[in-house]
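> Sending over work.pdb (PDB, C-alpha atoms).
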ATOM      1  CA  MET A   1      -1.463  15.998 -20.297
ATOM      2  CA  SER A   2      -3.811  15.162 -17.443
ATOM      3  CA  ALA A   3      -4.785  11.488 -17.318
ATOM      4  CA  PHE A   4      -8.259  12.313 -16.019
ATOM      5  CA  PRO A   5      -9.145  15.824 -17.236
ATOM      6  CA  THR A   6     -12.858  15.239 -16.665
ATOM      7  CA  ILE A   7     -15.113  13.067 -14.558
ATOM      8  CA  ALA A   8     -16.217  11.367 -17.788
ATOM      9  CA  ALA A   9     -12.617  10.397 -18.595
ATOM     10  CA  PHE A  10     -12.225   8.837 -15.149
ATOM     11  CA  GLU A  11     -15.532   6.970 -15.398
ATOM     12  CA  THR A  12     -14.775   5.741 -18.928
ATOM     13  CA  ALA A  13     -11.455   4.288 -17.781
ATOM     14  CA  LEU A  14     -13.109   2.602 -14.800
ATOM     15  CA  ALA A  15     -15.758   1.042 -17.031
ATOM     16  CA  ALA A  16     -13.258  -0.381 -19.559
ATOM     17  CA  LEU A  17     -10.781  -2.390 -17.511
ATOM     18  CA  THR A  18      -8.062  -4.375 -19.250
ATOM     19  CA  THR A  19      -7.555  -8.094 -18.642
ATOM     20  CA  PRO A  20      -4.375 -10.139 -18.137
ATOM     21  CA  ASP A  21      -2.556 -11.833 -20.998
ATOM     22  CA  ALA A  22      -4.122 -15.292 -21.029
ATOM     23  CA  GLN A  23      -1.380 -16.788 -23.208
ATOM     24  CA  ALA A  24       1.399 -15.632 -20.865
ATOM     25  CA  ARG A  25      -0.557 -16.794 -17.845
ATOM     26  CA  ASP A  26      -1.170 -20.236 -19.356
ATOM     27  CA  ALA A  27       2.513 -20.562 -20.296
ATOM     28  CA  ALA A  28       3.536 -19.686 -16.727
ATOM     29  CA  LEU A  29       1.065 -22.207 -15.355
ATOM     30  CA  ALA A  30       2.464 -24.863 -17.685
ATOM     31  CA  ARG A  31       6.003 -24.040 -16.559
ATOM     32  CA  GLN A  32       4.995 -24.458 -12.925
ATOM     33  CA  GLY A  33       3.847 -27.970 -13.782
ATOM     34  CA  GLN A  34       7.272 -28.810 -15.235
ATOM     35  CA  LEU A  35       9.479 -27.541 -12.392
ATOM     36  CA  THR A  36      11.298 -29.955 -10.087
ATOM     37  CA  LYS A  37       8.772 -30.025  -7.271
ATOM     38  CA  PRO A  38       5.445 -31.643  -6.529
ATOM     39  CA  PRO A  39       2.570 -29.685  -8.118
ATOM     40  CA  GLY A  40       1.398 -26.892  -5.832
ATOM     41  CA  SER A  41       4.155 -27.472  -3.284
ATOM     42  CA  LEU A  42       5.258 -23.816  -3.313
ATOM     43  CA  GLY A  43       1.709 -22.781  -2.540
ATOM     44  CA  ARG A  44       1.042 -19.056  -2.786
ATOM     45  CA  LEU A  45       4.425 -18.456  -4.442
ATOM     46  CA  GLU A  46       3.186 -20.328  -7.491
ATOM     47  CA  GLU A  47      -0.013 -18.278  -7.603
ATOM     48  CA  ILE A  48       1.935 -15.021  -7.391
ATOM     49  CA  ALA A  49       4.279 -16.004 -10.224
ATOM     50  CA  VAL A  50       1.392 -16.913 -12.503
ATOM     51  CA  PHE A  51      -0.484 -13.737 -11.534
ATOM     52  CA  LEU A  52       2.514 -11.597 -12.459
ATOM     53  CA  ALA A  53       3.011 -13.446 -15.732
ATOM     54  CA  GLY A  54      -0.521 -12.620 -16.810
ATOM     55  CA  TRP A  55      -0.288  -8.929 -15.960
ATOM     56  CA  GLN A  56       3.246  -8.413 -17.235
ATOM     57  CA  GLY A  57       2.475 -10.363 -20.400
ATOM     58  CA  ARG A  58       5.501 -12.647 -20.125
ATOM     59  CA  ALA A  59       5.647 -16.277 -19.056
ATOM     60  CA  ARG A  60       8.692 -15.596 -16.878
ATOM     61  CA  PRO A  61       7.897 -12.344 -15.070
ATOM     62  CA  ARG A  62      10.535 -10.124 -13.497
ATOM     63  CA  ILE A  63      10.858  -6.906 -11.569
ATOM     64  CA  GLU A  64      13.228  -4.561 -13.358
ATOM     65  CA  ARG A  65      11.494  -1.280 -12.583
ATOM     66  CA  GLY A  66       9.818  -1.832  -9.236
ATOM     67  CA  ARG A  67       8.556   1.447  -7.838
ATOM     68  CA  ALA A  68       7.143   2.476  -4.468
ATOM     69  CA  VAL A  69       5.170   5.710  -4.585
ATOM     70  CA  ILE A  70       4.098   7.431  -1.376
ATOM     71  CA  PHE A  71       1.471  10.155  -1.658
ATOM     72  CA  ALA A  72       1.064  12.681   1.163
ATOM     73  CA  GLY A  73      -1.916  14.880   1.950
ATOM     74  CA  ASN A  74      -3.510  16.780   4.830
ATOM     75  CA  HIS A  75      -7.090  16.582   6.056
ATOM     76  CA  GLY A  76      -9.407  19.225   7.451
ATOM     77  CA  VAL A  77     -11.218  16.649   9.568
ATOM     78  CA  VAL A  78      -8.124  16.503  11.817
ATOM     79  CA  ALA A  79      -9.499  19.625  13.521
ATOM     80  CA  ARG A  80     -12.156  17.362  15.076
ATOM     81  CA  GLY A  81      -9.552  15.564  17.187
ATOM     82  CA  VAL A  82      -9.497  12.317  15.214
ATOM     83  CA  SER A  83      -5.712  11.792  15.355
ATOM     84  CA  ALA A  84      -3.140  11.391  18.094
ATOM     85  CA  PHE A  85      -0.781  13.629  16.096
ATOM     86  CA  PRO A  86      -1.120  17.191  14.729
ATOM     87  CA  ALA A  87      -1.390  17.800  10.988
ATOM     88  CA  ASP A  88       2.102  19.352  10.935
ATOM     89  CA  VAL A  89       3.544  15.855  11.226
ATOM     90  CA  THR A  90       2.616  15.093   7.608
ATOM     91  CA  ALA A  91       5.092  17.641   6.234
ATOM     92  CA  GLN A  92       7.674  16.659   8.848
ATOM     93  CA  MET A  93       7.456  13.036   7.757
ATOM     94  CA  VAL A  94       7.745  14.012   4.089
ATOM     95  CA  ALA A  95      10.998  15.738   5.033
ATOM     96  CA  ASN A  96      12.061  12.559   6.821
ATOM     97  CA  PHE A  97      11.343  10.553   3.656
ATOM     98  CA  ALA A  98      13.466  12.987   1.657
ATOM     99  CA  ALA A  99      16.305  12.608   4.163
ATOM    100  CA  GLY A 100      16.111   8.808   3.998
ATOM    101  CA  GLY A 101      15.179   8.386   7.645
ATOM    102  CA  ALA A 102      11.770   6.713   7.531
ATOM    103  CA  ALA A 103      10.847   3.044   7.674
ATOM    104  CA  ILE A 104       9.777   3.040   4.033
ATOM    105  CA  ASN A 105      13.210   4.243   2.951
ATOM    106  CA  GLN A 106      14.793   1.167   4.502
ATOM    107  CA  LEU A 107      12.094  -1.284   3.449
ATOM    108  CA  ALA A 108      11.953  -0.051  -0.145
ATOM    109  CA  ALA A 109      15.747  -0.324  -0.399
ATOM    110  CA  ALA A 110      15.665  -3.849   1.027
ATOM    111  CA  ALA A 111      13.028  -4.807  -1.555
ATOM    112  CA  GLY A 112      14.953  -3.233  -4.436
ATOM    113  CA  LEU A 113      12.334  -0.586  -5.101
ATOM    114  CA  GLU A 114      12.790   2.942  -6.402
ATOM    115  CA  LEU A 115      11.080   5.269  -3.919
ATOM    116  CA  THR A 116       9.138   8.352  -4.977
ATOM    117  CA  VAL A 117       7.348  10.665  -2.542
ATOM    118  CA  VAL A 118       4.602  12.938  -3.873
ATOM    119  CA  PRO A 119       3.254  15.627  -1.505
ATOM    120  CA  LEU A 120      -0.076  17.095  -2.544
ATOM    121  CA  ASP A 121      -0.749  20.661  -1.387
ATOM    122  CA  LEU A 122       0.217  20.016   2.223
ATOM    123  CA  ASP A 123      -0.306  23.680   3.068
ATOM    124  CA  ARG A 124      -3.885  23.397   1.828
ATOM    125  CA  PRO A 125      -5.707  20.643   3.717
ATOM    126  CA  THR A 126      -8.898  19.193   2.342
ATOM    127  CA  ALA A 127     -12.108  20.581   3.769
ATOM    128  CA  ASP A 128     -13.660  18.909   6.808
ATOM    129  CA  PHE A 129     -15.954  16.345   5.153
ATOM    130  CA  THR A 130     -18.454  16.651   7.999
ATOM    131  CA  THR A 131     -19.318  20.176   6.829
ATOM    132  CA  GLY A 132     -18.937  19.861   3.043
ATOM    133  CA  PRO A 133     -17.132  17.947   0.293
ATOM    134  CA  ALA A 134     -13.497  17.247   1.125
ATOM    135  CA  MET A 135     -12.416  18.364  -2.341
ATOM    136  CA  SER A 136     -13.691  20.377  -5.252
ATOM    137  CA  VAL A 137     -14.193  18.591  -8.565
ATOM    138  CA  GLU A 138     -11.000  20.200  -9.855
ATOM    139  CA  ASP A 139      -8.948  19.190  -6.825
ATOM    140  CA  CYS A 140     -10.115  15.598  -6.992
ATOM    141  CA  LEU A 141      -9.382  15.315 -10.716
ATOM    142  CA  ALA A 142      -5.947  16.830 -10.143
ATOM    143  CA  ALA A 143      -5.192  14.293  -7.392
ATOM    144  CA  LEU A 144      -6.385  11.386  -9.548
ATOM    145  CA  SER A 145      -4.196  12.569 -12.417
ATOM    146  CA  THR A 146      -1.187  13.047 -10.139
ATOM    147  CA  GLY A 147      -1.560   9.450  -9.059
ATOM    148  CA  ALA A 148      -1.852   8.275 -12.645
ATOM    149  CA  ALA A 149       1.288  10.159 -13.673
ATOM    150  CA  ALA A 150       3.310   8.487 -10.917
ATOM    151  CA  VAL A 151       2.940   5.026 -12.484
ATOM    152  CA  GLY A 152       5.445   5.873 -15.196
ATOM    153  CA  ASP A 153       7.227   2.854 -16.679
ATOM    154  CA  ALA A 154       7.036   0.684 -13.545
ATOM    155  CA  ASP A 155       6.611  -3.059 -13.973
ATOM    156  CA  LEU A 156       5.490  -3.449 -10.345
ATOM    157  CA  LEU A 157       3.908  -0.647  -8.342
ATOM    158  CA  VAL A 158       3.776  -0.373  -4.559
ATOM    159  CA  LEU A 159       1.434   2.299  -3.233
ATOM    160  CA  GLY A 160       1.594   4.001   0.140
ATOM    161  CA  GLU A 161       0.480   7.165   1.885
ATOM    162  CA  MET A 162       1.266   9.677   4.567
ATOM    163  CA  GLY A 163      -1.508  11.860   5.944
ATOM    164  CA  ILE A 164      -2.265  12.579   9.573
ATOM    165  CA  GLY A 165      -5.883  11.701  10.292
ATOM    166  CA  ASN A 166      -6.417   9.715   7.101
ATOM    167  CA  THR A 167      -7.806   6.576   8.755
ATOM    168  CA  THR A 168     -10.976   8.615   9.358
ATOM    169  CA  PRO A 169     -11.708   9.363   5.676
ATOM    170  CA  ALA A 170     -10.628   5.790   4.888
ATOM    171  CA  ALA A 171     -13.294   4.495   7.270
ATOM    172  CA  ALA A 172     -15.848   6.804   5.658
ATOM    173  CA  LEU A 173     -14.919   5.506   2.190
ATOM    174  CA  ALA A 174     -15.253   1.900   3.334
ATOM    175  CA  ALA A 175     -18.655   2.542   4.883
ATOM    176  CA  ALA A 176     -19.891   4.446   1.828
ATOM    177  CA  SER A 177     -18.709   1.663  -0.465
ATOM    178  CA  PHE A 178     -19.669  -1.447   1.472
ATOM    179  CA  GLY A 179     -22.196  -0.354   4.065
ATOM    180  CA  GLY A 180     -22.234  -0.751   7.794
ATOM    181  CA  ASN A 181     -21.981   1.951  10.404
ATOM    182  CA  ALA A 182     -18.997   3.974  11.514
ATOM    183  CA  ALA A 183     -18.148   1.624  14.370
ATOM    184  CA  ASP A 184     -17.649  -1.204  11.860
ATOM    185  CA  TRP A 185     -14.808   0.640  10.158
ATOM    186  CA  VAL A 186     -13.044   3.041  12.540
ATOM    187  CA  GLY A 187      -9.978   1.906  14.445
ATOM    188  CA  PRO A 188      -7.151   3.298  16.548
ATOM    189  CA  GLY A 189      -5.050   4.475  13.598
ATOM    190  CA  THR A 190      -1.955   6.135  15.039
ATOM    191  CA  GLY A 191      -3.039   5.209  18.561
ATOM    192  CA  VAL A 192      -6.066   7.246  19.640
ATOM    193  CA  GLU A 193      -7.793   6.224  22.860
ATOM    194  CA  GLN A 194     -11.509   5.565  23.365
ATOM    195  CA  GLU A 195     -12.460   9.237  23.275
ATOM    196  CA  GLY A 196     -10.561   9.646  20.020
ATOM    197  CA  LEU A 197     -12.288   6.578  18.584
ATOM    198  CA  ALA A 198     -15.637   8.078  19.489
ATOM    199  CA  ARG A 199     -14.720  11.323  17.738
ATOM    200  CA  LYS A 200     -13.668   9.361  14.649
ATOM    201  CA  ALA A 201     -16.946   7.430  14.619
ATOM    202  CA  THR A 202     -18.935  10.644  15.018
ATOM    203  CA  ALA A 203     -17.050  12.279  12.156
ATOM    204  CA  VAL A 204     -17.710   9.314   9.865
ATOM    205  CA  THR A 205     -21.384   9.184  10.866
ATOM    206  CA  ASP A 206     -21.806  12.924  10.296
ATOM    207  CA  GLY A 207     -20.026  12.787   6.949
ATOM    208  CA  LEU A 208     -22.126   9.919   5.666
ATOM    209  CA  ALA A 209     -25.311  11.650   6.791
ATOM    210  CA  LEU A 210     -24.323  14.896   5.093
ATOM    211  CA  HIS A 211     -23.343  13.373   1.765
ATOM    212  CA  HIS A 212     -25.459  10.223   1.515
ATOM    213  CA  ARG A 213     -27.614  11.470  -1.365
ATOM    214  CA  HIS A 214     -24.537  12.093  -3.501
ATOM    215  CA  LEU A 215     -22.570   8.900  -2.840
ATOM    216  CA  ASN A 216     -23.701   7.207  -6.045
ATOM    217  CA  SER A 217     -20.454   7.234  -8.043
ATOM    218  CA  ALA A 218     -16.828   6.401  -7.361
ATOM    219  CA  PHE A 219     -15.791   9.955  -8.130
ATOM    220  CA  GLU A 220     -18.274  11.554  -5.742
ATOM    221  CA  VAL A 221     -17.410   9.144  -2.928
ATOM    222  CA  LEU A 222     -13.718   9.959  -3.335
ATOM    223  CA  ARG A 223     -14.100  13.715  -3.586
ATOM    224  CA  ARG A 224     -16.663  14.127  -0.818
ATOM    225  CA  LEU A 225     -15.171  11.788   1.784
ATOM    226  CA  GLY A 226     -11.570  11.142   0.742
ATOM    227  CA  GLY A 227      -8.358  13.099   0.567
ATOM    228  CA  ARG A 228      -5.814  14.100  -2.031
ATOM    229  CA  GLU A 229      -3.401  11.285  -1.236
ATOM    230  CA  ILE A 230      -6.261   8.786  -1.207
ATOM    231  CA  ALA A 231      -7.571   9.980  -4.570
ATOM    232  CA  ALA A 232      -4.014   9.867  -5.929
ATOM    233  CA  MET A 233      -3.732   6.202  -4.947
ATOM    234  CA  ALA A 234      -7.069   5.503  -6.649
ATOM    235  CA  GLY A 235      -5.812   7.255  -9.787
ATOM    236  CA  ALA A 236      -2.587   5.256  -9.690
ATOM    237  CA  VAL A 237      -4.465   1.955  -9.351
ATOM    238  CA  LEU A 238      -6.678   2.799 -12.310
ATOM    239  CA  ALA A 239      -3.804   4.053 -14.488
ATOM    240  CA  ALA A 240      -1.750   0.963 -13.625
ATOM    241  CA  ARG A 241      -4.671  -1.173 -14.772
ATOM    242  CA  MET A 242      -4.822   0.742 -18.054
ATOM    243  CA  LYS A 243      -1.109  -0.076 -18.562
ATOM    244  CA  GLY A 244      -1.295  -3.661 -17.307
ATOM    245  CA  VAL A 245       1.001  -2.953 -14.346
ATOM    246  CA  PRO A 246       0.474  -5.144 -11.258
ATOM    247  CA  VAL A 247      -0.059  -3.214  -8.015
ATOM    248  CA  VAL A 248       0.787  -4.125  -4.425
ATOM    249  CA  LEU A 249      -1.598  -2.451  -1.991
ATOM    250  CA  ASP A 250      -0.542  -1.578   1.534
ATOM    251  CA  GLY A 251      -2.805  -1.120   4.537
ATOM    252  CA  PHE A 252      -6.247   0.140   5.438
ATOM    253  CA  ILE A 253      -5.971   3.560   3.796
ATOM    254  CA  GLY A 254      -4.500   2.297   0.548
ATOM    255  CA  THR A 255      -7.093  -0.461   0.344
ATOM    256  CA  ALA A 256      -9.906   1.972   1.156
ATOM    257  CA  ALA A 257      -8.793   4.096  -1.811
ATOM    258  CA  VAL A 258      -9.827   1.222  -4.086
ATOM    259  CA  ALA A 259     -13.184   0.611  -2.375
ATOM    260  CA  PRO A 260     -15.162   3.322  -4.241
ATOM    261  CA  LEU A 261     -13.804   1.993  -7.553
ATOM    262  CA  ALA A 262     -14.877  -1.539  -6.627
ATOM    263  CA  LEU A 263     -18.348  -0.255  -5.805
ATOM    264  CA  VAL A 264     -18.709   0.643  -9.495
ATOM    265  CA  ASN A 265     -16.547  -2.092 -11.062
ATOM    266  CA  PRO A 266     -15.683  -5.012  -8.753
ATOM    267  CA  GLY A 267     -13.042  -6.194 -11.233
ATOM    268  CA  ILE A 268     -10.769  -3.276 -10.343
ATOM    269  CA  THR A 269      -8.723  -5.389  -7.906
ATOM    270  CA  ALA A 270      -7.845  -8.121 -10.431
ATOM    271  CA  HIS A 271      -4.367  -6.620 -10.997
ATOM    272  CA  CYS A 272      -3.789  -5.980  -7.281
ATOM    273  CA  LEU A 273      -2.038  -7.985  -4.604
ATOM    274  CA  ALA A 274      -2.699  -7.234  -0.944
ATOM    275  CA  GLY A 275       0.764  -6.863   0.545
ATOM    276  CA  HIS A 276      -0.353  -7.517   4.103
ATOM    277  CA  CYS A 277      -3.221  -7.398   6.551
ATOM    278  CA  SER A 278      -2.617  -4.567   8.971
ATOM    279  CA  ALA A 279      -3.516  -4.353  12.635
ATOM    280  CA  GLU A 280      -6.211  -1.748  11.844
ATOM    281  CA  PRO A 281      -9.446  -3.667  12.567
ATOM    282  CA  GLY A 282     -11.293  -2.596   9.427
ATOM    283  CA  HIS A 283      -8.565  -3.777   7.086
ATOM    284  CA  VAL A 284      -9.303  -7.496   7.270
ATOM    285  CA  ARG A 285     -12.986  -6.749   6.659
ATOM    286  CA  LEU A 286     -12.141  -4.526   3.712
ATOM    287  CA  LEU A 287      -9.846  -7.137   2.174
ATOM    288  CA  GLY A 288     -12.649  -9.670   2.451
ATOM    289  CA  ARG A 289     -15.111  -7.408   0.690
ATOM    290  CA  LEU A 290     -12.602  -6.807  -2.115
ATOM    291  CA  GLY A 291     -11.724 -10.497  -2.442
ATOM    292  CA  LEU A 292      -8.037  -9.935  -1.668
ATOM    293  CA  LYS A 293      -5.888 -12.437   0.229
ATOM    294  CA  PRO A 294      -2.961 -10.769   2.022
ATOM    295  CA  ILE A 295       0.546 -12.061   1.434
ATOM    296  CA  LEU A 296       1.697 -11.211   4.972
ATOM    297  CA  SER A 297       0.154 -10.638   8.383
ATOM    298  CA  LEU A 298       2.734  -9.026  10.661
ATOM    299  CA  ASP A 299       0.553  -6.779  12.881
ATOM    300  CA  MET A 300       1.936  -3.717  11.097
ATOM    301  CA  ARG A 301      -0.011  -0.446  11.117
ATOM    302  CA  LEU A 302       2.507   2.166  10.042
ATOM    303  CA  GLY A 303       1.316   3.014   6.546
ATOM    304  CA  GLU A 304       3.896   4.561   4.207
ATOM    305  CA  GLY A 305       3.603   1.501   1.960
ATOM    306  CA  SER A 306       5.683  -0.360   4.538
ATOM    307  CA  GLY A 307       3.798  -3.668   4.604
ATOM    308  CA  ALA A 308       3.548  -3.752   0.814
ATOM    309  CA  ALA A 309       7.290  -3.142   0.485
ATOM    310  CA  VAL A 310       8.060  -6.080   2.776
ATOM    311  CA  ALA A 311       5.700  -8.251   0.703
ATOM    312  CA  VAL A 312       7.731  -7.447  -2.422
ATOM    313  CA  GLN A 313      10.518  -9.612  -1.005
ATOM    314  CA  VAL A 314       8.087 -12.538  -1.044
ATOM    315  CA  ILE A 315       7.058 -11.593  -4.581
ATOM    316  CA  ARG A 316      10.713 -11.591  -5.634
ATOM    317  CA  ALA A 317      11.081 -15.037  -4.082
ATOM    318  CA  ALA A 318       8.121 -16.255  -6.135
ATOM    319  CA  ILE A 319       9.706 -14.901  -9.316
ATOM    320  CA  ALA A 320      13.110 -16.369  -8.481
ATOM    321  CA  ALA A 321      11.707 -19.852  -7.964
ATOM    322  CA  HIS A 322       9.559 -19.647 -11.087
ATOM    323  CA  ASP A 323      12.385 -18.408 -13.286
ATOM    324  CA  GLY A 324      15.435 -20.152 -11.855
ATOM    325  CA  MET A 325      14.284 -23.668 -11.036
ATOM    326  CA  ALA A 326      15.104 -26.437 -13.471
ATOM    327  CA  THR A 327      12.386 -28.409 -15.165
ATOM    328  CA  PHE A 328      12.251 -32.176 -14.700
ATOM    329  CA  ALA A 329      13.651 -32.597 -18.215
ATOM    330  CA  GLU A 330      16.499 -30.137 -17.651
ATOM    331  CA  ALA A 331      17.494 -31.745 -14.350
ATOM    332  CA  GLY A 332      17.096 -35.320 -15.532
ATOM    333  CA  VAL A 333      14.658 -35.982 -12.715
ATOM    334  CA  ALA A 334      11.784 -38.373 -13.244
ATOM    335  CA  SER A 335       8.371 -36.657 -13.062
ATOM    336  CA  ALA A 336       5.277 -38.232 -11.605
TER     337      ALA A 336
END
Let's see the structure in the file written out as structure tokens.

Amino acid sequence: MSAFPTIAAFETALAALTTPDAQARDAALARQGQLTKPPGSLGRLEEIAVFLAGWQGRARPRIERGRAVIFAGNHGVVARGVSAFPADVTAQMVANFAAGGAAINQLAAAAGLELTVVPLDLDRPTADFTTGPAMSVEDCLAALSTGAAAVGDADLLVLGEMGIGNTTPAAALAAASFGGNAADWVGPGTGVEQEGLARKATAVTDGLALHHRHLNSAFEVLRRLGGREIAAMAGAVLAARMKGVPVVLDGFIGTAAVAPLALVNPGITAHCLAGHCSAEPGHVRLLGRLGLKPILSLDMRLGEGSGAAVAVQVIRAAIAAHDGMATFAEAGVASA
């Protein structure tokens, strides 16, 4: 059964967000105060452990079913010369994922994550959003529901994407959600030069001008300016929230997928961790607008969920310290 069969179903879910388990969170916080260390001395690791406890509903969180899901889609706007690579590369990279040869294969394995790759109609790119909506209502709902279905029984979800040209719709989504002009949000993506940057900015400007009267709901922003893989990530974030599953976001595109949801309900990112801050210039600005503090900053800009997967190793470290350390009483160590 489709998770979001109608626009109303999607909007109802977005309006009724779940909250973390306060009892589990408080118990985790109390445990942190009893462990053999000065209070706060593990810094962000302590925050991450308590965050996970609240969303997993257990005072000692764990990752038993960590899942990385990579959605792939193609974009009609690529015909405007906004990418350094042709659209065919999307399908070629999906084949590389299947063969185990991509960066995300190695990084997911290192982080102990099950990897799932979900291609979405790669032979049917979205429409060029500078001339009309990127997706029909039906296509957007289908992509949202595909994303929701991918959550499954995960207890930690890493989201990534593959889609040549998708930094351009991501920039359009950021601008539609948080304002500013195209130049505030476009960046080099896969490595376009100045002329390519100018084409990206023009595409974003033209798209916003064409659709501006309709950009008054999360659904319309996603379907008019986004892409199938971007909508799928949005659907996965929302479905994970409905199930209380914490999410690790990746780079600019994955974070931009959440922006239209935050425009309607700013609380949508409460169950999300920002895995890293990418080298794409708009990402740090987008994280700031969403109130997300990245775990890592390694100048990565690959996509594929790669930065988020690396961050999971830090998350596992936070869990290990929280769960495995002795308390002062257990260790016979005097507390302050």
> Quick one: which residues end up in the PyMOL selection byres ((chain A and resi 41-46) around 10) for this structure, as an MDAnalysis selection string?
chainID A and resid 28:29 32:33 37:40 47:51 295 314:322
> With only C-alpha atoms as the basis for distance, which of A:Leu17, A:Val158, A:Val94, A:Leu225 is at the shortest distance from A:Ala311?
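Counting only C-alpha atoms, the residue closest to A:Ala311 is A:Val158.
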> For a quick check of understanding, using only C-alpha atoms, which of A:Arg241, A:Phe85, A:Phe4, A:Ser177 has the smallest distance to A:Gly191?
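Looking only at the distances to A:Gly191, the closest residue turns out to be A:Phe85.
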> Give me the residues within 8 Å of stretch 159-170 of chain A as a PyMOL selection string, counting all atoms listed in the file and dropping any in the same chain fewer than 3 places off.
chain A and resi 68-75+77-78+82-83+85-87+89-90+93-94+173-174+186-187+189+200+203-204+225-227+229-230+233+247-250+252-254+256-257+303-306+308
> Skipping near chain neighbours, those fewer than 2 positions away, what residues fall within 12 Å of A:Leu115 using all atoms listed in the file, listed as a PyMOL selection string?
chain A and resi 65-71+97-98+100+102-113+117-118+150-151+154+157-160+304-306+309
> Can you pull out every residue within 8 Å of A:Thr269, counting only C-alpha atoms, but drop anything in the same chain fewer than 2 positions away, and send it as a PDB file with C-alpha atoms, keeping the file's coordinate frame?

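Everything below was put into out01.pdb:
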ATOM      1  CA  VAL A 258      -9.827   1.222  -4.086  1.00  0.00           C
ATOM      2  CA  ALA A 262     -14.877  -1.539  -6.627  1.00  0.00           C
ATOM      3  CA  PRO A 266     -15.683  -5.012  -8.753  1.00  0.00           C
ATOM      4  CA  GLY A 267     -13.042  -6.194 -11.233  1.00  0.00           C
ATOM      5  CA  HIS A 271      -4.367  -6.620 -10.997  1.00  0.00           C
ATOM      6  CA  CYS A 272      -3.789  -5.980  -7.281  1.00  0.00           C
ATOM      7  CA  LEU A 273      -2.038  -7.985  -4.604  1.00  0.00           C
ATOM      8  CA  LEU A 290     -12.602  -6.807  -2.115  1.00  0.00           C
ATOM      9  CA  LEU A 292      -8.037  -9.935  -1.668  1.00  0.00           C
TER      10      LEU A 292
END
> Determine the nearest neighbour of A:Val284 from the options A:Gly57, A:Pro188, A:Gly251, A:Gly179, counting all atoms listed in the file.
A:Gly251
> What's the separation between atom CA of A:Trp55 and atom CA of A:Gly244, in Å to one decimal place?
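For atom CA of A:Trp55 relative to atom CA of A:Gly244, the distance reads 5.5 Å.
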> Leaving out A:Leu296 and any residue of its chain fewer than 3 positions from it, which residues lie within 10 Å of it when counting only C-alpha atoms, given as a PyMOL selection string?
chain A and resi 274-278+293+299-300+307-308+310-311+314
> Please write the residues picked by the PyMOL selection byres ((chain A and resi 139) around 10) on this file as a PyMOL selection string.
chain A and resi 121+126+134-138+140-145+223+227-228+231
> Closest to A:Lys243 among A:Leu35, A:Ala175, A:Ala148, A:Ala53, using only C-alpha atoms?
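Among A:Leu35, A:Ala175, A:Ala148, A:Ala53, it is A:Ala148 that comes nearest to A:Lys243.
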> For the structure provided, state which residues fall under the PyMOL selection byres ((chain A and resi 130-132) around 7), and present them as a PDB file with C-alpha atoms, keeping the file's coordinate frame.

ATOM      1  CA  ALA A 127     -12.108  20.581   3.769  1.00  0.00           C
ATOM      2  CA  ASP A 128     -13.660  18.909   6.808  1.00  0.00           C
ATOM      3  CA  PHE A 129     -15.954  16.345   5.153  1.00  0.00           C
ATOM      4  CA  PRO A 133     -17.132  17.947   0.293  1.00  0.00           C
ATOM      5  CA  ALA A 134     -13.497  17.247   1.125  1.00  0.00           C
ATOM      6  CA  ALA A 203     -17.050  12.279  12.156  1.00  0.00           C
ATOM      7  CA  ASP A 206     -21.806  12.924  10.296  1.00  0.00           C
ATOM      8  CA  GLY A 207     -20.026  12.787   6.949  1.00  0.00           C
ATOM      9  CA  LEU A 210     -24.323  14.896   5.093  1.00  0.00           C
TER      10      LEU A 210
END
> Figure out the distance between atom CA of A:His214 and atom CA of A:Val237, please, to one decimal in Å.
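Between these atoms lies a distance of 23.2 Å.
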> Under the rule that only C-alpha atoms are counted, which of A:Ala8, A:Ala234, A:Ala240, A:Val245 is the nearest residue to A:Ala259?
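Result for the nearest residue to A:Ala259: A:Ala234.
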> To box stretch 10-17 of chain A, take all atoms listed in the file, fit an axis-aligned box, add 5 Å on each side, and give centre and edge lengths in Å to one decimal, as AutoDock Vina command-line options.

--center_x -13.3 --center_y 3.2 --center_z -17.2 --size_x 15.0 --size_y 21.2 --size_z 14.8
> Grab the atom CA of A:Ala183 to atom CA of A:Asp88 distance for me, in Å with one decimal place.
27.1 Å
> Let me make sure I understand: among A:Arg124, A:Gly282, A:Ala232, A:Gly147, which one has the smallest atom-to-atom distance to A:Trp185 if we use all atoms listed in the file?
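That would be A:Gly282, the residue with the smallest distance to A:Trp185.
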